[in-house]
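Q: Contents of run02.txt (compact mmCIF, C-alpha atoms and all ligand atoms):
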```
# COMPACT_ATOMS: atom_id res chain seq x y z
CA MET B 188 -10.03 4.36 41.74
CA ARG B 189 -11.04 3.92 45.40
CA GLU B 190 -8.35 4.63 47.94
CA GLY B 191 -8.95 4.47 51.66
CA PRO B 192 -12.05 5.22 53.66
CA PHE B 193 -14.24 8.19 52.84
CA ASN B 194 -13.73 10.14 56.06
CA GLU B 195 -14.42 13.81 56.22
CA ILE B 196 -11.36 16.03 55.99
CA ASN B 197 -11.56 19.28 57.93
CA THR B 198 -11.45 22.80 56.55
CA GLY B 199 -8.98 25.62 57.12
CA ARG B 200 -11.87 27.77 58.31
CA GLY B 201 -11.00 30.35 60.97
CA LYS B 202 -7.25 29.86 60.60
CA SER B 203 -4.75 32.49 59.53
CA VAL B 204 -2.27 32.25 56.65
CA ALA B 205 0.64 29.91 57.44
CA SER B 206 4.21 31.15 57.82
CA VAL B 207 6.64 30.91 54.92
CA GLU B 208 8.46 28.09 56.79
CA LYS B 209 5.22 26.05 56.95
CA VAL B 210 4.64 26.58 53.23
CA ARG B 211 8.18 25.42 52.42
CA GLU B 212 7.68 22.40 54.67
CA PHE B 213 4.52 21.54 52.69
CA LEU B 214 6.42 21.82 49.40
CA HIS B 215 9.02 19.32 50.65
CA LYS B 216 6.50 16.93 52.17
CA TYR B 217 4.79 15.71 48.98
CA LYS B 218 5.66 14.52 45.48
CA PHE B 219 3.12 16.37 43.32
CA ASP B 220 2.14 14.81 40.01
CA GLY B 221 2.18 18.12 38.14
CA TYR B 222 -1.50 18.00 37.08
CA GLN B 223 -2.50 21.25 38.78
CA SER B 224 -0.40 24.01 40.25
CA VAL B 225 -2.09 25.90 43.08
CA ASP B 226 -0.82 29.27 44.31
CA LEU B 227 0.47 29.18 47.87
CA PRO B 228 0.92 31.96 50.41
CA HIS B 229 4.00 34.25 50.30
CA GLY B 230 4.16 34.12 46.48
CA LEU B 231 5.10 30.42 46.45
CA LYS B 232 3.58 27.93 44.02
CA MET B 233 3.16 24.17 43.78
CA PRO B 234 4.95 22.65 40.80
CA GLY B 235 2.51 21.77 38.03
CA ARG B 236 0.42 23.10 35.20
CA ASP B 237 -0.99 26.60 35.36
CA TRP B 238 -4.73 26.46 34.66
CA SER B 239 -5.47 30.18 34.92
CA ASP B 240 -6.66 30.29 31.29
CA ARG B 241 -9.19 27.52 32.09
CA SER B 242 -10.59 29.46 35.01
CA GLY B 243 -12.06 32.17 32.75
CA VAL B 244 -13.99 29.56 30.76
CA ILE B 245 -15.22 27.62 33.80
CA PHE B 246 -16.23 30.74 35.73
CA ASN B 247 -17.89 32.30 32.73
CA HIS B 248 -20.91 31.74 34.95
CA PRO B 249 -20.51 34.16 37.92
CA VAL B 250 -19.93 32.61 41.36
CA LYS B 251 -20.04 35.73 43.57
CA GLY B 252 -22.21 35.04 46.63
CA LYS B 253 -22.94 31.49 45.43
CA THR B 254 -22.33 28.06 46.92
CA VAL B 255 -20.03 25.85 44.84
CA LEU B 256 -19.28 22.12 44.84
CA ASP B 257 -16.22 20.89 42.89
CA VAL B 258 -16.53 17.15 42.23
CA GLY B 259 -13.17 15.43 41.59
CA CYS B 260 -11.31 18.54 42.77
CA LYS B 261 -7.84 16.91 42.85
CA TYR B 262 -5.56 19.47 44.61
CA GLY B 263 -8.42 21.99 44.77
CA TYR B 264 -7.36 24.55 42.16
CA PHE B 265 -10.96 25.45 41.21
CA CYS B 266 -12.06 25.58 44.88
CA HIS B 267 -9.55 28.39 45.48
CA GLU B 268 -10.52 30.11 42.22
CA ALA B 269 -14.18 30.04 43.31
CA ILE B 270 -13.34 31.59 46.71
CA LEU B 271 -11.15 34.25 45.06
CA LYS B 272 -14.05 35.09 42.73
CA GLY B 273 -16.35 35.66 45.71
CA ALA B 274 -18.14 32.33 46.25
CA ARG B 275 -19.94 32.21 49.62
CA LYS B 276 -19.26 28.55 50.38
CA VAL B 277 -17.02 26.06 48.60
CA VAL B 278 -16.77 22.29 49.01
CA GLY B 279 -14.37 20.03 47.08
CA ILE B 280 -14.91 16.29 46.80
CA GLU B 281 -12.03 13.99 45.87
CA ILE B 282 -12.00 10.17 45.95
CA ASN B 283 -8.22 9.82 46.09
CA ARG B 284 -6.97 10.14 49.67
CA GLU B 285 -3.53 11.42 48.69
CA TYR B 286 -4.92 14.21 46.48
CA ALA B 287 -7.56 15.09 49.10
CA THR B 288 -4.88 15.33 51.81
CA VAL B 289 -2.76 17.69 49.69
CA ALA B 290 -5.91 19.73 48.87
CA LYS B 291 -6.76 19.96 52.57
CA ASP B 292 -3.20 21.03 53.47
CA ILE B 293 -3.35 23.85 50.89
CA VAL B 294 -6.66 25.03 52.36
CA ASP B 295 -5.03 25.01 55.81
CA LEU B 296 -2.01 26.99 54.56
CA TRP B 297 -4.33 29.73 53.30
CA GLY B 298 -6.80 29.42 56.18
CA ARG B 299 -9.58 29.72 53.61
CA ASP B 300 -13.20 28.76 54.12
CA ILE B 301 -13.13 25.70 51.85
CA THR B 302 -14.19 22.20 52.87
CA ILE B 303 -12.41 19.22 51.30
CA LEU B 304 -14.09 15.83 51.57
CA CYS B 305 -12.41 12.57 50.65
CA ARG B 306 -15.42 10.87 49.13
CA ASP B 307 -16.74 9.00 46.12
CA LEU B 308 -19.12 11.17 44.12
CA TYR B 309 -21.71 8.37 44.25
CA ASP B 310 -21.80 8.89 48.05
CA ILE B 311 -22.56 12.61 47.85
CA GLU B 312 -25.22 13.76 50.31
CA LYS B 313 -28.42 14.06 48.25
CA ALA B 314 -30.11 16.55 50.60
CA ILE B 315 -27.42 19.26 50.36
CA HIS B 316 -27.75 21.53 47.33
CA TYR B 317 -25.22 23.89 45.75
CA ASP B 318 -25.88 26.78 43.37
CA ILE B 319 -23.06 25.69 41.07
CA VAL B 320 -21.63 22.19 40.68
CA LEU B 321 -18.35 21.69 38.83
CA PHE B 322 -17.67 18.31 37.24
CA LEU B 323 -14.47 18.87 35.34
CA ASN B 324 -12.64 16.06 33.55
CA VAL B 325 -14.11 13.33 35.73
CA LEU B 326 -16.93 12.00 33.51
CA HIS B 327 -14.53 9.93 31.37
CA HIS B 328 -13.05 8.22 34.47
CA ILE B 329 -16.23 6.88 36.04
CA ILE B 330 -18.12 3.73 35.22
CA ASP B 331 -21.70 5.01 35.44
CA PRO B 332 -22.08 8.46 33.84
CA VAL B 333 -25.89 8.23 33.81
CA GLU B 334 -26.12 7.79 37.59
CA ALA B 335 -23.43 10.41 38.24
CA MET B 336 -25.10 13.05 36.07
CA LYS B 337 -28.50 12.25 37.64
CA ARG B 338 -27.08 12.73 41.15
CA LEU B 339 -25.19 15.92 40.35
CA ALA B 340 -28.12 17.48 38.46
CA GLY B 341 -30.23 16.62 41.52
CA ILE B 342 -28.08 18.72 43.87
CA ALA B 343 -27.45 21.72 41.58
CA ASN B 344 -29.71 24.74 42.11
CA GLU B 345 -28.62 26.61 38.98
CA ILE B 346 -26.03 24.98 36.85
CA LEU B 347 -23.81 21.92 36.46
CA ILE B 348 -20.61 22.67 34.55
CA VAL B 349 -19.11 19.59 32.93
CA GLU B 350 -15.78 19.40 31.10
CA PHE B 351 -15.70 16.17 29.10
CA CYS B 352 -13.89 14.20 26.37
CA THR B 353 -15.26 14.17 22.85
CA LEU B 354 -14.39 11.66 20.15
CA VAL B 355 -11.80 14.09 18.79
CA ASP B 356 -9.61 13.44 21.86
CA PRO B 357 -6.30 12.00 20.56
CA GLN B 358 -6.44 9.17 23.14
CA THR B 359 -9.34 7.28 21.49
CA ASN B 360 -6.81 5.12 19.58
CA MET B 361 -8.77 5.73 16.36
CA ASN B 362 -6.42 5.68 13.38
CA LEU B 363 -6.01 8.68 11.09
CA LEU B 364 -8.55 7.38 8.57
CA LEU B 365 -11.25 6.85 11.21
CA ARG B 366 -10.50 10.19 12.85
CA THR B 367 -10.78 11.98 9.50
CA LEU B 368 -13.98 10.11 8.65
CA TYR B 369 -15.44 11.03 12.04
CA LYS B 370 -14.53 14.71 11.70
CA THR B 371 -15.78 15.07 8.14
CA SER B 372 -18.90 12.86 8.22
CA PHE B 373 -20.02 11.76 11.69
CA SER B 374 -19.18 14.46 14.25
CA LYS B 375 -22.76 15.78 14.25
CA LEU B 376 -24.21 12.36 15.14
CA PRO B 377 -25.16 11.39 18.73
CA LEU B 378 -22.21 9.00 19.22
CA ILE B 379 -20.64 7.60 22.38
CA TYR B 380 -17.24 5.87 22.18
CA ILE B 381 -15.74 3.53 24.79
CA GLY B 382 -12.00 3.87 25.38
CA PRO B 383 -9.65 0.86 25.37
CA ARG B 384 -7.86 1.62 28.68
CA LYS B 385 -9.61 1.05 32.00
CA TYR B 386 -10.18 4.22 34.09
CA HIS B 387 -7.83 6.30 31.87
CA ARG B 388 -10.72 7.24 29.58
CA THR B 389 -13.88 5.18 29.49
CA TRP B 390 -16.42 7.55 27.90
CA TYR B 391 -16.18 9.90 24.96
CA PHE B 392 -19.35 11.80 23.98
CA SER B 393 -20.08 13.78 20.85
CA LYS B 394 -21.80 17.10 21.59
CA ASN B 395 -25.05 15.74 20.19
CA ALA B 396 -24.80 12.53 22.28
CA PHE B 397 -24.24 14.54 25.47
CA GLU B 398 -27.30 16.70 24.77
CA SER B 399 -29.49 13.82 23.55
CA LEU B 400 -28.74 11.65 26.59
CA PHE B 401 -28.79 14.19 29.43
CA VAL B 402 -31.35 16.69 28.09
CA LYS B 403 -33.71 14.87 25.70
CA GLN B 404 -33.68 11.33 27.12
CA MET B 405 -33.13 11.98 30.83
CA ASP B 406 -34.68 15.46 31.14
CA LEU B 407 -31.96 16.50 33.59
CA PHE B 408 -31.51 20.02 32.24
CA LYS B 409 -33.55 22.81 30.66
CA LYS B 410 -30.76 23.54 28.20
CA VAL B 411 -27.08 22.94 27.57
CA GLU B 412 -24.61 25.39 26.06
CA PHE B 413 -21.15 24.32 24.95
CA SER B 414 -17.82 26.10 24.95
CA THR B 415 -14.38 25.05 23.73
CA SER B 416 -12.22 23.75 26.56
CA ARG B 417 -8.79 25.17 27.30
CA ARG B 418 -7.84 21.93 29.05
CA LYS B 419 -6.90 19.84 26.05
CA LYS B 420 -7.71 19.24 22.39
CA GLY B 421 -10.93 17.26 22.07
CA ARG B 422 -12.53 18.44 25.32
CA LEU B 423 -15.70 20.51 25.65
CA VAL B 424 -17.23 22.48 28.50
CA ALA B 425 -21.01 22.02 28.88
CA TYR B 426 -23.00 24.56 30.89
CA CYS B 427 -26.04 22.53 31.94
CA TRP B 428 -28.95 24.62 33.26
CA VAL B 429 -31.20 22.76 35.69
C1 LIG C 501 -8.49 14.35 35.60
S1 LIG C 501 -8.67 14.84 37.28
C2 LIG C 501 -9.55 16.39 37.13
C3 LIG C 501 -9.22 17.38 38.23
C4 LIG C 501 -9.96 18.72 38.13
N1 LIG C 501 -11.39 18.54 38.23
C5 LIG C 501 -9.59 19.46 36.88
O1 LIG C 501 -10.34 19.40 35.90
O2 LIG C 501 -8.54 20.12 36.85
C6 LIG C 501 -9.98 13.76 37.82
C7 LIG C 501 -10.12 13.77 39.32
O3 LIG C 501 -11.35 13.14 39.67
C8 LIG C 501 -11.13 12.26 40.77
N2 LIG C 501 -12.19 11.22 40.74
C9 LIG C 501 -12.27 10.16 39.90
N3 LIG C 501 -13.34 9.40 40.19
C10 LIG C 501 -13.97 10.01 41.23
C11 LIG C 501 -15.13 9.70 42.00
N4 LIG C 501 -15.86 8.59 41.74
N5 LIG C 501 -15.49 10.52 43.00
C12 LIG C 501 -14.73 11.63 43.29
N6 LIG C 501 -13.60 11.97 42.61
C13 LIG C 501 -13.23 11.17 41.59
C14 LIG C 501 -9.72 11.74 40.51
O4 LIG C 501 -9.13 11.18 41.66
C15 LIG C 501 -9.02 12.99 40.00
O5 LIG C 501 -8.48 13.75 41.04
```
How would this structure read if it were set down as structure tokens?
Ligand SMILES: C[S@@+](CC[C@H](N)C(=O)[O-])C[C@H]1O[C@@H](n2cnc3c(N)ncnc32)[C@H](O)[C@@H]1O

A:
Amino acid sequence: MREGPFNEINTGRGKSVASVEKVREFLHKYKFDGYQSVDLPHGLKMPGRDWSDRSGVIFNHPVKGKTVLDVGCKYGYFCHEAILKGARKVVGIEINREYATVAKDIVDLWGRDITILCRDLYDIEKAIHYDIVLFLNVLHHIIDPVEAMKRLAGIANEILIVEFCTLVDPQTNMNLLLRTLYKTSFSKLPLIYIGPRKYHRTWYFSKNAFESLFVKQMDLFKKVEFSTSRRKKGRLVAYCWV
């Protein structure tokens, strides 16, 4: 979903926290889609889902003193979480201009040292490396997961953390019989499923498929560990060690 040019969007670096009037102005300026709520200064909050329970799973790997890239950051919830947990440098990349603009405004309201770039992940600068790369709930939206994973593994110093859809996701359109058959007989197989709706969900990976493709076939990682996602039923979090 490309929207607008991929210009750099500035950071809030060096600024102080905005006044309560400015925060209220921000809340009236946009129609938020409710996907992510981000805390705002003066105890205010954006409307939307509270992902604080996800944060513990994602930042199971410590970020203190580390550099972090959040790919497909939307409104930047995990960028702020990384800074609050002591990350040294945080960059968020978001292809959608509207989301990136909101994310940048939130950074400005806090005056935090976070950079938001409106950019396609396939245009990420290959020479700049980050200790930790987050790739959360984006893999199913993109058309070329092989190229994306290759690029992101190539710029991660330590770990790439991927939250992705498995075939147990209720949106596959599999009927009850197929879903039961999959769960009871095929879930251990290295299967990849293609979703029926464009962009909405293209790729679904079984755990074994994810590991077979990105570790055994492509040699991108030394090892992968999986954890249950708090995002939604049928999602997994993969900690991919480079
Ligand atoms: C489902 S949201 C996930 C947001 C956040 N990572 C989370 O897990 O809470 C997917 C985000 O990825 C962005 N996205 C999709 N394709 C992208 C691409 N090629 N490059 C950068 N961002 C992309 C979307 O615009 C959207 O904001």

Q: Let me see if you get this right: every residue at most 6 Å from ligand LIG 501 (chain C), counting only C-alpha atoms and all ligand atoms, written as number ranges by chain.

A: B: 258-261, 280-283, 306-308, 323-325, 328-329

Q: Atom CA of Phe401 of chain B to atom CA of Asn360 of chain B: how many Å, to one decimal?

A: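 So the answer is 25.7 Å.
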
Q: What separation in Å, quoted to one decimal, exists between atom CA of Lys251 of chain B and atom CA of His267 of chain B?

A: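 Straight-line distance from atom CA of Lys251 of chain B to atom CA of His267 of chain B works out to 12.9 Å.
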
Q: Grab the atom CA of Ile379 of chain B to atom CA of Glu345 of chain B distance for me, in Å with one decimal place.

A: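 Atom CA of Glu345 of chain B lies 26.5 Å from atom CA of Ile379 of chain B.
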
Q: Step by step, gather every atom of segment 333-341 of chain B that the file lists, find the box along x, y and z that holds them, add 3 Å on each side, and finally give centre and edge lengths in Å to one decimal, as JSON.

A:
```
{"center_x": -26.8, "center_y": 12.6, "center_z": 37.7, "size_x": 12.8, "size_y": 15.7, "size_z": 13.7}
```

Q: If we draw a sphere of 10 Å around (-10.0, 20.0, 45.7), which residues have at least one atom in it when counting only C-alpha atoms? Please report them as number ranges by chain.

A: B: 256-267, 277-281, 286-291, 293-294, 301-305

Q: So that I can check the surroundings of segment 404-413 of chain B, please list as a PyMOL selection string every protein, DNA and RNA residue that reaches within 6 Å of it, counting only C-alpha atoms and ignoring chain neighbours fewer than 4 positions away.

A: chain B and resi 400+424-429

Q: Fewer than 4 positions away in the same chain doesn't count, so skip those; otherwise give me all residues within 10 Å of Glu312 of chain B, counting only C-alpha atoms, as a ChimeraX atom specification.

A: /B:308,316,338,342

Q: Calculated over all atoms listed in the file, which of the candidates B:Met233, B:Ala314, B:Met336, B:Leu271 has the smallest distance to Pro249 of chain B?

A: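 Answer, going by the shortest atom-to-atom distance: B:Leu271.
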
Q: Set the distance at 12 Å and use all atoms listed in the file: which residues neighbour Phe351 of chain B once local chain neighbours fewer than 5 positions away are removed? I'd like the list as a ChimeraX atom specification.

A: /B:321-329,332,356,379,388-394,396-397,413-426

Q: Considering all atoms listed in the file, state which residue in the set B:Asp237, B:Tyr386, B:Asp220, B:Val349 is at the smallest distance from Asp331 of chain B.

A: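 Nearest candidate to Asp331 of chain B out of B:Asp237, B:Tyr386, B:Asp220, B:Val349: B:Tyr386.
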
Q: Measuring atom to atom with all atoms listed in the file, identify which of B:Gly221, B:Ile311, B:Thr359, B:Lys403 is nearest to Pro377 of chain B.

A: B:Lys403

Q: Choose the residue, out of B:Leu347, B:Val355, B:Val402, B:Met361, that has the smallest atom-to-atom separation from Lys375 of chain B; count all atoms listed in the file.

A: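 Of the candidates, the smallest distance to Lys375 of chain B is held by B:Val355.
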